[in-house]
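Engineer: Just one file: entry23.csv, with CSV, C-alpha atoms.
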```
chain,number,residue,atom,x,y,z
A,964,MET,CA,0.0,0.0,0.0
A,965,SER,CA,1.2,3.5,-0.8
A,966,ASP,CA,0.9,6.3,1.7
A,967,GLY,CA,-2.5,7.3,0.4
A,968,LYS,CA,-3.6,10.7,-0.5
A,969,SER,CA,-3.1,14.2,1.0
A,970,ILE,CA,-4.5,17.7,0.7
A,971,LEU,CA,-2.4,20.8,1.2
A,972,VAL,CA,-4.1,24.0,2.3
A,973,ASP,CA,-1.7,26.9,1.8
A,974,THR,CA,-3.4,29.7,3.9
A,975,SER,CA,-0.8,32.2,2.6
A,976,ARG,CA,-2.5,31.9,-0.8
A,977,CYS,CA,-6.1,31.7,0.4
A,978,THR,CA,-8.2,34.6,-0.6
A,979,GLY,CA,-11.1,33.7,1.6
A,980,CYS,CA,-13.5,33.4,-1.3
A,981,ARG,CA,-15.2,30.4,0.3
A,982,GLY,CA,-15.6,28.6,-3.0
A,983,CYS,CA,-14.4,25.4,-1.2
A,984,GLN,CA,-17.1,25.8,1.4
A,985,VAL,CA,-19.9,26.1,-1.2
A,986,ALA,CA,-18.4,23.3,-3.4
A,987,CYS,CA,-18.5,21.0,-0.3
A,988,LYS,CA,-22.1,21.9,0.4
A,989,GLN,CA,-23.0,21.4,-3.3
A,990,TRP,CA,-21.4,18.0,-3.8
A,991,ASN,CA,-22.6,16.6,-0.5
A,992,ASP,CA,-26.1,17.9,-1.0
A,993,LEU,CA,-26.0,19.6,2.4
A,994,PRO,CA,-28.6,22.2,3.2
A,995,GLY,CA,-27.9,25.8,4.1
A,996,THR,CA,-28.0,27.0,7.7
A,997,ARG,CA,-30.1,29.9,8.8
A,998,THR,CA,-27.6,32.3,10.4
A,999,LYS,CA,-27.4,35.9,11.8
A,1000,GLN,CA,-25.0,38.7,10.9
A,1001,ALA,CA,-22.2,38.3,13.5
A,1002,GLY,CA,-19.9,41.1,12.3
A,1003,THR,CA,-17.6,38.7,10.5
A,1004,TYR,CA,-17.4,37.1,7.1
A,1005,GLN,CA,-17.3,33.7,8.9
A,1006,ASN,CA,-20.6,32.2,8.1
A,1007,PRO,CA,-22.0,29.8,9.3
A,1008,PRO,CA,-20.2,30.4,12.6
A,1009,ASP,CA,-19.0,26.8,13.1
A,1010,PHE,CA,-19.0,23.3,11.8
A,1011,SER,CA,-22.3,21.4,12.1
A,1012,CYS,CA,-23.8,18.2,10.9
A,1013,ASP,CA,-24.5,20.0,7.7
A,1014,THR,CA,-21.3,21.9,7.4
A,1015,TYR,CA,-18.1,19.9,6.9
A,1016,LYS,CA,-15.9,22.8,5.6
A,1017,ILE,CA,-15.8,26.3,6.8
A,1018,VAL,CA,-13.5,29.2,6.1
A,1019,ARG,CA,-12.6,30.8,9.5
A,1020,PHE,CA,-11.8,34.5,9.5
A,1021,ALA,CA,-9.5,35.5,12.3
A,1022,GLU,CA,-8.8,39.2,13.1
A,1023,GLY,CA,-6.4,40.8,15.5
A,1024,LYS,CA,-3.4,43.1,15.9
A,1025,LYS,CA,0.1,42.0,15.5
A,1026,GLU,CA,2.2,41.8,18.7
A,1027,GLY,CA,3.6,45.1,19.8
A,1028,SER,CA,2.2,46.8,16.7
A,1029,ARG,CA,-1.0,48.5,15.6
A,1030,GLU,CA,-0.8,46.7,12.4
A,1031,PRO,CA,-3.8,44.4,11.9
A,1032,TYR,CA,-3.9,40.8,10.7
A,1033,TRP,CA,-6.7,39.0,9.0
A,1034,TYR,CA,-6.2,35.3,8.6
A,1035,PHE,CA,-8.2,32.9,6.5
A,1036,PHE,CA,-8.3,29.2,7.6
A,1037,ALA,CA,-10.3,26.9,5.4
A,1038,ASP,CA,-11.0,24.4,8.3
A,1039,MET,CA,-11.9,20.8,7.7
A,1040,CYS,CA,-11.2,17.3,9.0
A,1041,ARG,CA,-7.5,16.6,9.0
A,1042,HIS,CA,-7.9,12.8,8.2
A,1043,CYS,CA,-5.3,11.9,10.8
A,1044,MET,CA,-2.9,9.1,10.1
A,1045,ASN,CA,-3.8,7.6,13.5
A,1046,PRO,CA,-7.2,9.1,14.2
A,1047,PRO,CA,-8.0,9.5,17.9
A,1048,CYS,CA,-11.8,9.6,17.1
A,1049,MET,CA,-11.6,6.0,16.0
A,1050,SER,CA,-11.1,5.1,19.7
A,1051,ALA,CA,-14.8,5.9,20.1
A,1052,SER,CA,-15.7,3.3,17.5
A,1053,ASP,CA,-15.9,-0.4,18.6
A,1054,LYS,CA,-16.7,-2.1,15.3
A,1055,ASP,CA,-16.7,-0.4,12.0
A,1056,GLU,CA,-18.7,2.8,12.8
A,1057,ILE,CA,-15.6,4.8,11.8
A,1058,VAL,CA,-13.5,3.4,9.0
A,1059,GLN,CA,-10.2,4.2,7.4
A,1060,ASP,CA,-10.1,3.7,3.7
A,1061,GLU,CA,-7.0,1.7,2.8
A,1062,ALA,CA,-6.4,3.1,-0.6
A,1063,THR,CA,-6.6,6.8,0.3
A,1064,GLY,CA,-6.4,6.9,4.1
A,1065,ALA,CA,-9.6,8.9,4.3
A,1066,ILE,CA,-11.5,8.6,7.6
A,1067,VAL,CA,-15.2,8.0,7.0
A,1068,TYR,CA,-18.0,8.2,9.5
A,1069,THR,CA,-20.7,5.6,8.5
A,1070,LYS,CA,-24.4,5.8,9.3
A,1071,GLU,CA,-23.6,3.4,12.2
A,1072,THR,CA,-22.0,6.2,14.1
A,1073,LYS,CA,-25.4,6.8,15.6
A,1074,ASN,CA,-24.6,4.0,18.0
A,1075,ILE,CA,-21.4,5.5,19.4
A,1076,ASP,CA,-20.8,8.1,22.0
A,1077,PHE,CA,-20.7,11.5,20.4
A,1078,GLU,CA,-18.9,13.3,23.3
A,1079,THR,CA,-16.1,10.7,23.3
A,1080,ALA,CA,-15.6,11.2,19.6
A,1081,ARG,CA,-15.7,14.9,19.7
A,1082,SER,CA,-13.5,15.4,22.8
A,1083,SER,CA,-10.9,13.0,21.4
A,1084,CYS,CA,-10.5,15.1,18.3
A,1085,PRO,CA,-7.7,17.7,18.7
A,1086,TYR,CA,-9.2,19.8,15.9
A,1087,ASP,CA,-12.8,19.7,17.2
A,1088,VAL,CA,-14.2,18.4,14.0
A,1089,PRO,CA,-16.9,15.7,14.7
A,1090,ARG,CA,-20.5,16.9,14.8
A,1091,GLN,CA,-23.8,15.1,15.5
A,1092,ASN,CA,-27.2,15.3,13.8
A,1093,PRO,CA,-29.5,16.1,16.6
A,1094,ASP,CA,-32.3,14.0,15.1
A,1095,SER,CA,-30.7,10.9,13.6
A,1096,LYS,CA,-27.8,10.9,16.1
A,1097,VAL,CA,-25.5,10.1,13.2
A,1098,LEU,CA,-22.0,11.7,13.5
A,1099,SER,CA,-20.7,13.5,10.5
A,1100,LYS,CA,-17.7,15.4,9.2
A,1101,CYS,CA,-15.7,15.8,6.0
A,1102,THR,CA,-15.4,12.5,4.0
A,1103,MET,CA,-12.4,13.8,2.0
A,1104,CYS,CA,-14.8,13.2,-0.8
A,1105,ILE,CA,-14.1,9.4,-0.7
A,1106,ASP,CA,-16.7,8.9,-3.4
A,1107,ARG,CA,-15.0,11.4,-5.7
A,1108,MET,CA,-11.5,10.1,-5.0
A,1109,ARG,CA,-12.6,6.5,-5.8
A,1110,SER,CA,-13.9,7.8,-9.1
A,1111,GLY,CA,-10.6,9.4,-9.9
A,1112,LEU,CA,-11.8,12.9,-9.2
A,1113,LYS,CA,-10.3,15.5,-6.9
A,1114,PRO,CA,-12.2,16.3,-3.7
A,1115,ALA,CA,-14.8,19.0,-4.4
A,1116,CYS,CA,-13.1,21.7,-2.2
A,1117,VAL,CA,-9.7,21.1,-3.9
A,1118,LEU,CA,-11.2,21.2,-7.4
A,1119,SER,CA,-13.0,24.4,-6.6
A,1120,CYS,CA,-10.1,26.2,-4.9
A,1121,PRO,CA,-8.7,28.9,-7.3
A,1122,THR,CA,-5.5,29.5,-5.3
A,1123,ALA,CA,-4.6,27.6,-2.2
A,1124,MET,CA,-5.4,23.9,-2.2
A,1125,GLU,CA,-3.6,20.9,-3.7
A,1126,PHE,CA,-4.4,17.3,-3.8
A,1127,GLY,CA,-2.3,14.3,-4.6
A,1128,GLU,CA,-0.2,11.4,-3.4
A,1129,ARG,CA,0.9,11.9,0.2
A,1130,GLU,CA,4.7,11.9,-0.7
A,1131,ALA,CA,4.2,14.5,-3.3
A,1132,ILE,CA,2.1,16.7,-1.1
A,1133,LEU,CA,4.6,16.5,1.8
A,1134,LYS,CA,7.4,17.5,-0.6
A,1135,LEU,CA,5.3,20.4,-1.9
A,1136,ALA,CA,4.6,21.5,1.7
A,1137,GLU,CA,8.2,21.4,2.6
A,1138,GLU,CA,9.2,23.5,-0.4
A,1139,ARG,CA,6.5,26.0,0.2
A,1140,VAL,CA,7.3,26.4,3.9
A,1141,ALA,CA,11.0,27.0,3.0
A,1142,GLU,CA,10.0,29.7,0.6
A,1143,LEU,CA,7.6,31.3,3.0
A,1144,LYS,CA,10.1,31.3,5.9
A,1145,LYS,CA,12.2,33.9,4.0
A,1146,ILE,CA,9.4,36.4,4.6
A,1147,TRP,CA,7.5,34.9,7.6
A,1148,PRO,CA,10.0,33.1,9.9
A,1149,LYS,CA,7.0,31.5,11.8
A,1150,ALA,CA,5.8,29.7,8.7
A,1151,LYS,CA,5.1,26.0,9.1
A,1152,ALA,CA,3.1,23.1,7.9
A,1153,ILE,CA,0.8,22.2,10.9
A,1154,ASP,CA,1.2,18.6,12.2
A,1155,ALA,CA,2.4,17.5,8.7
A,1156,ASP,CA,3.6,14.0,10.0
A,1157,GLU,CA,0.3,13.2,11.8
A,1158,VAL,CA,-2.4,14.4,9.4
A,1159,ARG,CA,-3.4,14.1,5.7
A,1160,VAL,CA,-4.9,17.5,5.4
A,1161,ILE,CA,-1.9,19.8,5.9
A,1162,PHE,CA,-2.4,23.5,6.6
A,1163,ILE,CA,0.5,25.9,5.9
A,1164,VAL,CA,0.4,29.0,8.1
A,1165,THR,CA,2.6,32.0,8.3
A,1166,ASP,CA,2.0,32.8,12.0
A,1167,ASP,CA,1.2,31.2,15.3
A,1168,PRO,CA,-1.6,28.7,14.5
A,1169,LYS,CA,-3.5,29.8,17.6
A,1170,LYS,CA,-4.1,33.1,15.9
A,1171,TYR,CA,-6.0,31.4,13.0
A,1172,HIS,CA,-8.2,29.2,15.1
A,1173,THR,CA,-8.2,27.7,18.6
A,1174,HIS,CA,-8.1,24.2,17.3
A,1175,ALA,CA,-5.8,24.8,14.3
A,1176,GLN,CA,-3.0,22.7,15.8
A,1177,ALA,CA,-3.2,19.5,17.9
B,207,MET,CA,-18.3,15.1,-26.6
B,208,LYS,CA,-14.8,14.0,-26.0
B,209,ARG,CA,-13.9,13.9,-22.4
B,210,ARG,CA,-10.4,12.7,-21.6
B,211,SER,CA,-10.9,13.2,-17.9
B,212,PHE,CA,-14.1,11.3,-18.1
B,213,LEU,CA,-12.4,8.3,-19.5
B,214,LYS,CA,-9.6,8.5,-17.0
B,215,MET,CA,-12.2,8.7,-14.3
B,216,SER,CA,-13.9,5.5,-15.5
B,217,CYS,CA,-10.6,3.7,-15.5
B,218,CYS,CA,-9.7,4.8,-12.0
B,219,LEU,CA,-13.1,3.8,-10.8
B,220,GLY,CA,-12.6,0.2,-12.1
B,221,ALA,CA,-9.2,0.1,-10.4
B,222,GLY,CA,-10.7,1.5,-7.2
B,223,LEU,CA,-13.4,-1.2,-7.0
B,224,ALA,CA,-10.8,-3.9,-7.8
B,225,LEU,CA,-8.7,-2.6,-4.9
B,226,SER,CA,-11.6,-2.5,-2.5
B,227,GLY,CA,-12.3,-6.1,-3.3
B,228,LEU,CA,-8.9,-7.1,-2.2
B,229,GLY,CA,-8.2,-4.8,0.8
B,230,LEU,CA,-11.4,-3.9,2.6
B,231,THR,CA,-13.6,-5.9,4.9
B,232,LEU,CA,-17.3,-6.1,3.9
B,233,ALA,CA,-18.5,-3.6,6.5
B,234,PRO,CA,-16.7,-0.6,5.1
B,235,VAL,CA,-17.8,-1.4,1.5
B,236,ALA,CA,-21.4,-1.5,2.6
B,237,ALA,CA,-20.9,1.7,4.4
B,238,TYR,CA,-19.5,3.4,1.3
B,239,ALA,CA,-22.3,2.1,-1.0
B,240,ASP,CA,-24.6,5.0,-0.1
B,241,ASP,CA,-21.8,7.6,-0.5
B,242,MET,CA,-20.9,6.3,-3.9
B,243,LYS,CA,-24.3,7.0,-5.5
B,244,LYS,CA,-23.6,10.5,-6.8
B,245,ALA,CA,-20.1,9.6,-8.0
B,246,ASP,CA,-21.5,6.6,-9.8
B,247,ALA,CA,-24.2,8.7,-11.4
B,248,LEU,CA,-21.5,11.0,-12.8
B,249,ARG,CA,-20.2,8.0,-14.9
B,250,THR,CA,-23.4,7.5,-16.8
B,251,ALA,CA,-24.5,11.2,-16.9
B,252,VAL,CA,-24.7,13.2,-20.1
B,253,GLN,CA,-22.1,15.9,-19.6
B,254,SER,CA,-22.3,19.3,-21.2
B,255,THR,CA,-20.2,22.3,-20.7
B,256,THR,CA,-21.3,25.8,-19.8
B,257,VAL,CA,-20.0,29.2,-18.7
B,258,CYS,CA,-20.6,30.7,-15.3
B,259,CYS,CA,-23.3,33.4,-15.5
B,260,TYR,CA,-21.9,35.7,-12.9
B,261,CYS,CA,-18.7,37.7,-13.5
B,262,SER,CA,-16.7,38.6,-16.5
B,263,VAL,CA,-14.0,36.0,-15.8
B,264,GLY,CA,-16.2,33.4,-17.6
B,265,CYS,CA,-15.2,30.2,-15.8
B,266,GLY,CA,-16.1,26.9,-17.4
B,267,LEU,CA,-18.3,24.3,-15.8
B,268,ILE,CA,-19.6,20.8,-16.5
B,269,CYS,CA,-23.3,20.1,-16.0
B,270,SER,CA,-24.1,16.5,-15.4
B,271,VAL,CA,-27.6,15.4,-16.5
B,272,ASP,CA,-29.3,12.2,-15.4
B,273,LYS,CA,-30.3,10.3,-18.5
B,274,ALA,CA,-33.5,8.9,-17.0
B,275,SER,CA,-34.9,12.1,-15.6
B,276,GLY,CA,-33.3,14.6,-17.9
B,277,LYS,CA,-32.5,16.7,-14.8
B,278,ILE,CA,-29.2,18.3,-13.9
B,279,PHE,CA,-27.9,16.8,-10.7
B,280,ASN,CA,-24.4,18.2,-10.5
B,281,ILE,CA,-22.6,21.3,-11.7
B,282,GLU,CA,-18.9,21.7,-11.0
B,283,GLY,CA,-15.8,23.4,-12.4
B,284,ASP,CA,-14.4,22.0,-15.7
B,285,PRO,CA,-10.8,21.0,-15.2
B,286,GLU,CA,-10.1,21.3,-18.9
B,287,HIS,CA,-11.4,24.8,-19.3
B,288,PRO,CA,-8.4,27.2,-19.9
B,289,VAL,CA,-9.8,30.0,-17.9
B,290,ASN,CA,-10.3,28.4,-14.5
B,291,GLU,CA,-9.0,24.8,-14.8
B,292,GLY,CA,-11.8,23.5,-12.6
B,293,ALA,CA,-11.6,26.3,-10.0
B,294,LEU,CA,-14.6,28.3,-8.9
B,295,CYS,CA,-15.4,31.0,-6.4
B,296,ALA,CA,-18.3,30.8,-4.0
B,297,LYS,CA,-20.7,32.1,-6.6
B,298,GLY,CA,-19.7,29.7,-9.3
B,299,ALA,CA,-19.5,26.8,-6.9
B,300,GLY,CA,-23.1,27.4,-6.0
B,301,LEU,CA,-24.3,27.5,-9.6
B,302,TYR,CA,-26.3,24.3,-9.1
B,303,GLN,CA,-28.8,26.5,-7.2
B,304,VAL,CA,-29.5,28.3,-10.4
B,305,SER,CA,-30.8,25.1,-11.9
B,306,ALA,CA,-34.4,23.8,-11.7
B,307,ALA,CA,-33.4,21.8,-8.6
B,308,ASN,CA,-33.8,25.0,-6.6
B,309,GLU,CA,-37.4,25.0,-5.4
B,310,HIS,CA,-37.0,28.7,-4.3
B,311,ARG,CA,-36.3,29.8,-7.8
B,312,LEU,CA,-38.7,32.3,-9.2
B,313,MET,CA,-40.7,30.7,-12.1
B,314,LYS,CA,-43.5,33.2,-12.7
B,315,VAL,CA,-43.7,37.0,-13.0
B,316,LEU,CA,-44.6,38.5,-9.6
B,317,TYR,CA,-46.0,42.0,-9.4
B,318,ARG,CA,-46.4,44.2,-6.4
B,319,LYS,CA,-48.5,47.3,-6.9
B,320,PRO,CA,-47.1,50.6,-5.6
B,321,GLY,CA,-48.0,50.8,-1.9
B,322,SER,CA,-49.1,47.2,-1.7
B,323,ASP,CA,-47.6,44.5,0.5
B,324,LYS,CA,-48.9,41.6,-1.6
B,325,TRP,CA,-47.3,39.9,-4.6
B,326,GLU,CA,-49.6,39.0,-7.5
B,327,GLU,CA,-48.9,36.5,-10.2
B,328,LYS,CA,-48.9,38.1,-13.7
B,329,ASP,CA,-48.0,37.0,-17.2
B,330,TRP,CA,-45.1,38.2,-19.3
B,331,ASN,CA,-47.3,40.4,-21.5
B,332,PHE,CA,-48.4,42.3,-18.5
B,333,ALA,CA,-44.8,42.7,-17.3
B,334,ILE,CA,-43.3,43.8,-20.6
B,335,SER,CA,-46.1,46.2,-21.4
B,336,ARG,CA,-45.9,47.7,-17.9
B,337,ILE,CA,-42.1,48.2,-18.1
B,338,ALA,CA,-42.4,49.7,-21.6
B,339,GLU,CA,-45.1,52.1,-20.5
B,340,LEU,CA,-43.1,53.3,-17.5
B,341,MET,CA,-40.0,53.7,-19.6
B,342,LYS,CA,-41.8,55.7,-22.2
B,343,LYS,CA,-43.4,57.9,-19.6
B,344,GLU,CA,-40.0,58.6,-17.8
B,345,ARG,CA,-38.2,59.2,-21.1
B,346,ASP,CA,-40.8,61.7,-22.3
B,347,LYS,CA,-40.6,63.5,-19.0
B,348,SER,CA,-36.8,63.7,-18.6
B,349,PHE,CA,-35.4,63.8,-22.1
B,350,ILE,CA,-32.8,66.5,-22.4
B,351,VAL,CA,-32.3,68.0,-25.9
B,352,ASN,CA,-29.8,70.7,-25.1
B,353,ASN,CA,-27.5,71.0,-22.1
B,354,GLU,CA,-26.9,74.2,-20.1
B,355,LYS,CA,-24.4,75.5,-22.7
B,356,GLY,CA,-27.0,75.0,-25.4
B,357,GLN,CA,-25.2,72.1,-27.0
B,358,MET,CA,-27.5,69.3,-28.4
B,359,VAL,CA,-27.1,66.2,-26.2
B,360,ASN,CA,-30.3,64.2,-26.6
B,361,ARG,CA,-30.0,62.2,-23.5
B,362,VAL,CA,-31.9,60.7,-20.6
B,363,GLN,CA,-30.1,60.7,-17.2
B,364,THR,CA,-32.8,59.3,-15.0
B,365,MET,CA,-32.7,55.7,-16.3
B,366,SER,CA,-29.8,53.3,-16.7
B,367,LEU,CA,-29.1,50.0,-18.4
B,368,MET,CA,-27.6,47.1,-16.5
B,369,GLY,CA,-26.3,44.4,-18.9
B,370,SER,CA,-25.5,40.8,-18.1
B,371,SER,CA,-22.5,38.5,-18.5
B,372,ASN,CA,-25.0,35.8,-19.7
B,373,VAL,CA,-25.4,37.5,-23.0
B,374,LEU,CA,-23.2,37.2,-26.1
B,375,SER,CA,-21.2,40.1,-27.6
B,376,GLU,CA,-23.8,40.5,-30.4
B,377,GLU,CA,-26.6,40.6,-27.8
B,378,CYS,CA,-24.6,43.2,-25.8
B,379,TRP,CA,-24.2,45.2,-28.9
B,380,ALA,CA,-28.0,45.1,-29.6
B,381,THR,CA,-29.0,46.1,-26.0
B,382,THR,CA,-26.4,48.9,-26.0
B,383,GLN,CA,-27.8,50.2,-29.3
B,384,PHE,CA,-31.3,50.0,-27.8
B,385,ALA,CA,-30.2,52.0,-24.7
B,386,ARG,CA,-28.3,54.6,-26.7
B,387,GLY,CA,-31.2,54.9,-29.0
B,388,LEU,CA,-33.3,55.9,-26.1
B,389,GLY,CA,-30.6,58.4,-25.0
B,390,PHE,CA,-29.3,56.5,-22.0
B,391,THR,CA,-25.9,57.6,-20.8
B,392,TYR,CA,-25.6,55.3,-17.9
B,393,ILE,CA,-24.9,51.9,-19.4
B,394,ASP,CA,-23.1,49.3,-17.3
B,395,HIS,CA,-22.6,45.6,-16.9
B,396,GLN,CA,-23.6,43.4,-14.0
B,397,ALA,CA,-20.2,41.7,-14.0
B,398,ARG,CA,-18.6,44.9,-12.6
B,399,VAL,CA,-20.9,44.9,-9.6
```
Here is a file; write its structure as structure tokens.

Structural biologist:
Amino acid sequence: MSDGKSILVDTSRCTGCRGCQVACKQWNDLPGTRTKQAGTYQNPPDFSCDTYKIVRFAEGKKEGSREPYWYFFADMCRHCMNPPCMSASDKDEIVQDEATGAIVYTKETKNIDFETARSSCPYDVPRQNPDSKVLSKCTMCIDRMRSGLKPACVLSCPTAMEFGEREAILKLAEERVAELKKIWPKAKAIDADEVRVIFIVTDDPKKYHTHAQA
Amino acid sequence: MKRRSFLKMSCCLGAGLALSGLGLTLAPVAAYADDMKKADALRTAVQSTTVCCYCSVGCGLICSVDKASGKIFNIEGDPEHPVNEGALCAKGAGLYQVSAANEHRLMKVLYRKPGSDKWEEKDWNFAISRIAELMKKERDKSFIVNNEKGQMVNRVQTMSLMGSSNVLSEECWATTQFARGLGFTYIDHQARV
């Protein structure tokens, strides 16, 4: 078996257009969420059983400076190499696809403890449908990958996302981080060795999102 | 239509299924079966290309039509289109909502009388006549033959034309001629909004 697939999200190139977020909703036939204006472009405010992908918009001021920052973080399931959420699964409620490495929540997740699954996830990704009790999150578009297509978010992204064999993506991430470090010394690929969906950031990950890094 | 990526896709699917037969236990396969429906449907769908109706970039998309129902069930970026190579912004990625699948889409002319809070269903004849009538009235009222310096200008400044990126160059030309014929000076394009 090869190392499977990986996705690279280069936040330094993200324009915050949210094409990925909409493409995800479209492909997965997920309904819209009624929301309120919260003074930010981030909408809906968080993941839900109907929202697997969300662009987080983080605002603040740079340390010791009045200069503002505005970071975009196209958050999604990281598809961990050794996913802690699988500890909540006794049988095959949560499965790992051998060919790609994608972590998929089946309909049977209605039988497992939601709180165990959610609290075990360092990225706070799993969500539960309040009616059916089924857990859901990004599937890495397992159906598309098996048909030889890119995941919907990656296909849609005009600037920042890449998809491919894990080895190639890791190499790409390494090269890009080296390039970025020349300008942003804090640049790094978050948890690259542990996850399949690798985020490149140019600043402290905590500034992007509380759960950006494990 | 020739679709290299479509062929590649079919081959990969075959390989994928073969792999799954070797490597996976039965439970995960059953679990995926539901998830595969839409991807499988793509294989047998009639695919046609289109151009995004929103901005002037003109991104290419593929519409997948179910052979049995004749309905579009998926629209996504066309990886072989030179403009966008499959990429789309939030507007283009949501283009499926413009299709008949969207139950909220307006299908009939709705008219609300001045001062009324109710919408009435009307036919197109009513709508077009009403618009023409109001345009004629406004043009007759505000048509300027000479400006303050006495120069002949023959213009109307109280109305404007908003074009569309849906229309062809020739249609753009025709609508612009129409607007200029009426004396419009404010002529713009929705793609700039």

Engineer: Would you compute the distance between CA of Ala1021 in chain A and CA of Gln1176 in chain A? Give it in Å to one decimal.

Structural biologist: 14.8 Å

Engineer: Need the neighbours of (7.6, 22.6, 11.0): which residues are at most 12 Å away, counting all atoms listed in the file, as an MDAnalysis selection string?

Structural biologist: chainID A and resid 1133 1136:1141 1143:1144 1148:1157 1161:1168 1176

Engineer: Would you give me, as a tab-separated table, each residue of chain A having an atom within 7 Å of an atom of chain B, along with its shortest atom pair and that distance in Å to one decimal, using only C-alpha atoms and sorting by chain and residue number?

Structural biologist:
```
residue	atom	partner	partner_atom	distance
A:Cys980	CA	B:Cys295	CA	5.9
A:Arg981	CA	B:Ala296	CA	5.3
A:Gly982	CA	B:Ala296	CA	3.6
A:Val985	CA	B:Ala296	CA	5.7
A:Ala986	CA	B:Ala299	CA	5.1
A:Gln989	CA	B:Gly300	CA	6.6
A:Asp1055	CA	B:Ala233	CA	6.6
A:Val1058	CA	B:Pro234	CA	6.4
A:Glu1061	CA	B:Gly229	CA	6.9
A:Thr1069	CA	B:Ala237	CA	5.7
A:Asp1106	CA	B:Met242	CA	5.0
A:Arg1107	CA	B:Ala245	CA	5.9
A:Arg1109	CA	B:Gly222	CA	5.5
A:Ser1110	CA	B:Leu219	CA	4.4
A:Gly1111	CA	B:Met215	CA	4.7
A:Leu1112	CA	B:Met215	CA	6.6
A:Leu1118	CA	B:Gly292	CA	5.7
A:Ser1119	CA	B:Ala293	CA	4.1
A:Cys1120	CA	B:Ala293	CA	5.3
A:Pro1121	CA	B:Ala293	CA	4.7
```

Engineer: Next, dump the selected residues to file, keeping only C-alpha atoms, as a PDB file, in the coordinates of the input.

Structural biologist:
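In the end it all went to result19.pdb:
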```pdb
ATOM      1  CA  CYS A 980     -13.500  33.400  -1.300  1.00  0.00           C
ATOM      2  CA  ARG A 981     -15.200  30.400   0.300  1.00  0.00           C
ATOM      3  CA  GLY A 982     -15.600  28.600  -3.000  1.00  0.00           C
ATOM      4  CA  VAL A 985     -19.900  26.100  -1.200  1.00  0.00           C
ATOM      5  CA  ALA A 986     -18.400  23.300  -3.400  1.00  0.00           C
ATOM      6  CA  GLN A 989     -23.000  21.400  -3.300  1.00  0.00           C
ATOM      7  CA  ASP A1055     -16.700  -0.400  12.000  1.00  0.00           C
ATOM      8  CA  VAL A1058     -13.500   3.400   9.000  1.00  0.00           C
ATOM      9  CA  GLU A1061      -7.000   1.700   2.800  1.00  0.00           C
ATOM     10  CA  THR A1069     -20.700   5.600   8.500  1.00  0.00           C
ATOM     11  CA  ASP A1106     -16.700   8.900  -3.400  1.00  0.00           C
ATOM     12  CA  ARG A1107     -15.000  11.400  -5.700  1.00  0.00           C
ATOM     13  CA  ARG A1109     -12.600   6.500  -5.800  1.00  0.00           C
ATOM     14  CA  SER A1110     -13.900   7.800  -9.100  1.00  0.00           C
ATOM     15  CA  GLY A1111     -10.600   9.400  -9.900  1.00  0.00           C
ATOM     16  CA  LEU A1112     -11.800  12.900  -9.200  1.00  0.00           C
ATOM     17  CA  LEU A1118     -11.200  21.200  -7.400  1.00  0.00           C
ATOM     18  CA  SER A1119     -13.000  24.400  -6.600  1.00  0.00           C
ATOM     19  CA  CYS A1120     -10.100  26.200  -4.900  1.00  0.00           C
ATOM     20  CA  PRO A1121      -8.700  28.900  -7.300  1.00  0.00           C
TER      21      PRO A1121
END
```

Engineer: Residues within 12 Å of range 998-1004 of chain A, please, as number ranges by chain. Count all atoms listed in the file; anything in the same chain fewer than 4 positions from it doesn't count.

Structural biologist: A: 979-981, 1008-1009, 1017-1022, 1033-1035

Engineer: For CA of Asp1076 in chain A and CA of Leu993 in chain A, determine how far apart the two atoms are, in Å to one decimal place.

Structural biologist: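 For CA of Asp1076 in chain A relative to CA of Leu993 in chain A, the distance reads 23.3 Å.
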
Engineer: Enumerate, as an MDAnalysis selection string, the protein, DNA and RNA residues whose atoms approach (-21.8, 9.5, 12.8) to within 10 Å, taking into account all atoms listed in the file and the coordinate frame of the file.

Structural biologist: chainID A and resid 1012 1052 1056:1057 1067:1077 1080 1089:1092 1095:1100

Engineer: Take range 309-315 of chain B, model N, CA and C atoms, and hand the result over as a compact mmCIF listing (two decimals), in the coordinates of the input.

Structural biologist:
```txt
# COMPACT_ATOMS: atom_id res chain seq x y z
N GLU B 309 -35.94 24.84 -5.46
CA GLU B 309 -37.40 25.00 -5.40
C GLU B 309 -37.75 26.51 -5.08
N HIS B 310 -36.76 27.27 -4.63
CA HIS B 310 -37.00 28.70 -4.30
C HIS B 310 -36.90 29.58 -5.54
N ARG B 311 -36.49 28.98 -6.64
CA ARG B 311 -36.30 29.80 -7.80
C ARG B 311 -37.59 30.37 -8.35
N LEU B 312 -37.54 31.63 -8.75
CA LEU B 312 -38.70 32.30 -9.20
C LEU B 312 -39.09 31.77 -10.64
N MET B 313 -40.29 31.26 -10.83
CA MET B 313 -40.70 30.70 -12.10
C MET B 313 -41.73 31.52 -12.84
N LYS B 314 -42.40 32.41 -12.10
CA LYS B 314 -43.50 33.20 -12.70
C LYS B 314 -43.21 34.69 -12.41
N VAL B 315 -43.86 35.53 -13.23
CA VAL B 315 -43.70 37.00 -13.00
C VAL B 315 -44.54 37.32 -11.75
```
